[in-house]
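Following: one structure in structure tokens, then a few remarks.
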Amino acid sequence: MIRQFTLRVLVNFLGLWAAAELMTGSINYQSSWQVLAITAVIFSLVNAVIRPVIVLLSLPAIVLTLGLFTLVINAGMLYLVTKIYPAFYLRSFWTAVIATVIIWIVNYLLTDLLEPKRA
């Protein structure tokens, strides 16, 4: 369990870094790896604790939009991180939406590479 969470934090760290590099000027982490690492831990905790509750409460909207509402939920979780930890800054909610797509792509690619295959 701790190994999975550590892997999730690492993958989120790389996703956040990729989003910040691709969206220069829209995401500010003060060019500090420590700020990005703390942000990755907070983002992982928010996704593990708060996101499941929000997904459950918004299940009708998720079904109605064929799952696209999860993009809004994930962007909201990233935006929530900026409110919890102001050293990580997003210019707008739309920045969070685009960053979420980048983080999704990085998560998909790295999780496939790093997680052990189950038989």
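Chain identifiers are assigned as A, B, and so on, following the order in which chains appear in the structure tokens; residues are numbered from 1 within each chain, and ligands are numbered from 1 in order of appearance.
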**Spatial neighbours of stretch 72-79 of chain A, 8 Å, only C-alpha atoms, chain gap at least 6 places, as a list in words** = Phe43, Val46, Asn47, Arg51, Ile54, Val55, Leu90, Phe93, Ala96, Val97, Ala99 and Thr100 of chain A
**Contact residues around A:Gln30 with only C-alpha atoms at 9 Å, ignoring same-chain residues under 3 positions, as an MDAnalysis selection string** = chainID A and resid 33 35:36 87:89
**Prompt:** Of the candidates A:Leu113, A:Val81, A:Val53, A:Val101, which one gets nearest to A:Ile38 if we count only C-alpha atoms?
**Reply:** A:Val81
**Asked** Among chain A, which ones does DSSP place in helix (DSSP H, G or I), written as number ranges by chain?
**Response** A: 2-22, 33-57, 59-64, 69-84, 93-114
Output file for the selection above: C-alpha atoms, as a PDB file, in the first residue's frame:
```pdb
ATOM      1  CA  ILE A   2       2.794   2.418   0.878  1.00  0.00           C
ATOM      2  CA  ARG A   3       4.627   1.336  -2.271  1.00  0.00           C
ATOM      3  CA  GLN A   4       1.549   2.118  -4.383  1.00  0.00           C
ATOM      4  CA  PHE A   5       1.119   5.533  -2.769  1.00  0.00           C
ATOM      5  CA  THR A   6       4.812   6.328  -3.269  1.00  0.00           C
ATOM      6  CA  LEU A   7       4.517   5.319  -6.913  1.00  0.00           C
ATOM      7  CA  ARG A   8       1.405   7.484  -7.263  1.00  0.00           C
ATOM      8  CA  VAL A   9       3.240  10.484  -5.735  1.00  0.00           C
ATOM      9  CA  LEU A  10       6.195   9.960  -8.087  1.00  0.00           C
ATOM     10  CA  VAL A  11       3.959   9.717 -11.148  1.00  0.00           C
ATOM     11  CA  ASN A  12       1.951  12.773 -10.050  1.00  0.00           C
ATOM     12  CA  PHE A  13       5.220  14.657  -9.488  1.00  0.00           C
ATOM     13  CA  LEU A  14       6.332  13.910 -13.041  1.00  0.00           C
ATOM     14  CA  GLY A  15       2.885  14.775 -14.409  1.00  0.00           C
ATOM     15  CA  LEU A  16       2.818  18.090 -12.560  1.00  0.00           C
ATOM     16  CA  TRP A  17       6.343  18.860 -13.748  1.00  0.00           C
ATOM     17  CA  ALA A  18       5.433  18.050 -17.368  1.00  0.00           C
ATOM     18  CA  ALA A  19       2.316  20.225 -17.161  1.00  0.00           C
ATOM     19  CA  ALA A  20       4.289  23.110 -15.672  1.00  0.00           C
ATOM     20  CA  GLU A  21       6.966  22.842 -18.353  1.00  0.00           C
ATOM     21  CA  LEU A  22       4.461  22.628 -21.208  1.00  0.00           C
ATOM     22  CA  TRP A  33      11.538  20.872  -6.813  1.00  0.00           C
ATOM     23  CA  GLN A  34      10.513  20.952  -3.146  1.00  0.00           C
ATOM     24  CA  VAL A  35       7.337  22.889  -3.950  1.00  0.00           C
ATOM     25  CA  LEU A  36       6.550  20.429  -6.739  1.00  0.00           C
ATOM     26  CA  ALA A  37       7.214  17.448  -4.454  1.00  0.00           C
ATOM     27  CA  ILE A  38       4.948  18.809  -1.708  1.00  0.00           C
ATOM     28  CA  THR A  39       2.301  19.594  -4.332  1.00  0.00           C
ATOM     29  CA  ALA A  40       2.518  16.010  -5.633  1.00  0.00           C
ATOM     30  CA  VAL A  41       2.012  14.613  -2.123  1.00  0.00           C
ATOM     31  CA  ILE A  42      -0.970  16.899  -1.466  1.00  0.00           C
ATOM     32  CA  PHE A  43      -2.447  16.128  -4.906  1.00  0.00           C
ATOM     33  CA  SER A  44      -2.082  12.391  -4.273  1.00  0.00           C
ATOM     34  CA  LEU A  45      -3.751  12.697  -0.864  1.00  0.00           C
ATOM     35  CA  VAL A  46      -6.602  14.791  -2.283  1.00  0.00           C
ATOM     36  CA  ASN A  47      -7.115  12.216  -5.037  1.00  0.00           C
ATOM     37  CA  ALA A  48      -7.082   9.368  -2.520  1.00  0.00           C
ATOM     38  CA  VAL A  49      -9.374  10.931   0.093  1.00  0.00           C
ATOM     39  CA  ILE A  50     -11.598  13.655  -1.358  1.00  0.00           C
ATOM     40  CA  ARG A  51     -11.965  12.633  -5.018  1.00  0.00           C
ATOM     41  CA  PRO A  52     -13.827   9.340  -4.362  1.00  0.00           C
ATOM     42  CA  VAL A  53     -16.481  11.190  -2.357  1.00  0.00           C
ATOM     43  CA  ILE A  54     -16.907  13.825  -5.067  1.00  0.00           C
ATOM     44  CA  VAL A  55     -17.116  11.135  -7.769  1.00  0.00           C
ATOM     45  CA  LEU A  56     -19.796   9.303  -5.819  1.00  0.00           C
ATOM     46  CA  LEU A  57     -21.818  12.476  -5.266  1.00  0.00           C
ATOM     47  CA  LEU A  59     -22.271  10.056 -10.375  1.00  0.00           C
ATOM     48  CA  PRO A  60     -25.426  11.219 -12.217  1.00  0.00           C
ATOM     49  CA  ALA A  61     -23.445  13.965 -14.001  1.00  0.00           C
ATOM     50  CA  ILE A  62     -20.683  11.508 -14.844  1.00  0.00           C
ATOM     51  CA  VAL A  63     -23.162   9.060 -16.356  1.00  0.00           C
ATOM     52  CA  LEU A  64     -25.018  11.817 -18.198  1.00  0.00           C
ATOM     53  CA  PHE A  69     -17.397  15.165 -16.036  1.00  0.00           C
ATOM     54  CA  THR A  70     -14.482  13.337 -14.396  1.00  0.00           C
ATOM     55  CA  LEU A  71     -12.212  15.787 -16.225  1.00  0.00           C
ATOM     56  CA  VAL A  72     -13.942  18.641 -14.393  1.00  0.00           C
ATOM     57  CA  ILE A  73     -13.658  16.748 -11.098  1.00  0.00           C
ATOM     58  CA  ASN A  74      -9.946  16.100 -11.583  1.00  0.00           C
ATOM     59  CA  ALA A  75      -9.347  19.728 -12.561  1.00  0.00           C
ATOM     60  CA  GLY A  76     -11.233  20.747  -9.433  1.00  0.00           C
ATOM     61  CA  MET A  77      -8.993  18.520  -7.320  1.00  0.00           C
ATOM     62  CA  LEU A  78      -5.910  20.160  -8.835  1.00  0.00           C
ATOM     63  CA  TYR A  79      -7.413  23.605  -8.257  1.00  0.00           C
ATOM     64  CA  LEU A  80      -8.172  22.603  -4.651  1.00  0.00           C
ATOM     65  CA  VAL A  81      -4.474  21.814  -4.181  1.00  0.00           C
ATOM     66  CA  THR A  82      -3.642  25.421  -5.073  1.00  0.00           C
ATOM     67  CA  LYS A  83      -5.960  26.582  -2.294  1.00  0.00           C
ATOM     68  CA  ILE A  84      -4.384  24.184   0.216  1.00  0.00           C
ATOM     69  CA  PHE A  93      -9.533  26.909 -13.734  1.00  0.00           C
ATOM     70  CA  TRP A  94      -9.006  26.320 -17.470  1.00  0.00           C
ATOM     71  CA  THR A  95      -5.305  26.023 -16.783  1.00  0.00           C
ATOM     72  CA  ALA A  96      -6.236  23.281 -14.319  1.00  0.00           C
ATOM     73  CA  VAL A  97      -8.307  21.528 -17.000  1.00  0.00           C
ATOM     74  CA  ILE A  98      -5.461  21.521 -19.520  1.00  0.00           C
ATOM     75  CA  ALA A  99      -2.935  20.530 -16.835  1.00  0.00           C
ATOM     76  CA  THR A 100      -5.226  17.672 -15.837  1.00  0.00           C
ATOM     77  CA  VAL A 101      -5.162  16.306 -19.383  1.00  0.00           C
ATOM     78  CA  ILE A 102      -1.352  16.449 -19.401  1.00  0.00           C
ATOM     79  CA  ILE A 103      -1.188  14.759 -15.994  1.00  0.00           C
ATOM     80  CA  TRP A 104      -3.608  12.054 -17.227  1.00  0.00           C
ATOM     81  CA  ILE A 105      -1.370  11.311 -20.204  1.00  0.00           C
ATOM     82  CA  VAL A 106       1.780  11.131 -18.076  1.00  0.00           C
ATOM     83  CA  ASN A 107      -0.018   8.991 -15.472  1.00  0.00           C
ATOM     84  CA  TYR A 108      -1.251   6.611 -18.157  1.00  0.00           C
ATOM     85  CA  LEU A 109       2.174   6.196 -19.751  1.00  0.00           C
ATOM     86  CA  LEU A 110       4.208   5.908 -16.555  1.00  0.00           C
ATOM     87  CA  THR A 111       1.783   3.726 -14.623  1.00  0.00           C
ATOM     88  CA  ASP A 112       1.819   1.244 -17.496  1.00  0.00           C
ATOM     89  CA  LEU A 113       5.629   1.190 -17.380  1.00  0.00           C
ATOM     90  CA  LEU A 114       6.190   1.211 -13.618  1.00  0.00           C
TER      91      LEU A 114
END
```
**Prompt:** Please, which residues of chain A, numbered as in this document, come out strand (DSSP E or B) from DSSP, as a PyMOL selection string?
**Reply:** chain A and resi 24+27-28+89-90
**Top pick for closest residue to A:Tyr85, considering A:Ser58, A:Met1, A:Thr24, A:Tyr29 and counting only C-alpha atoms** =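 Under the stated criterion, the closest residue is A:Tyr29.
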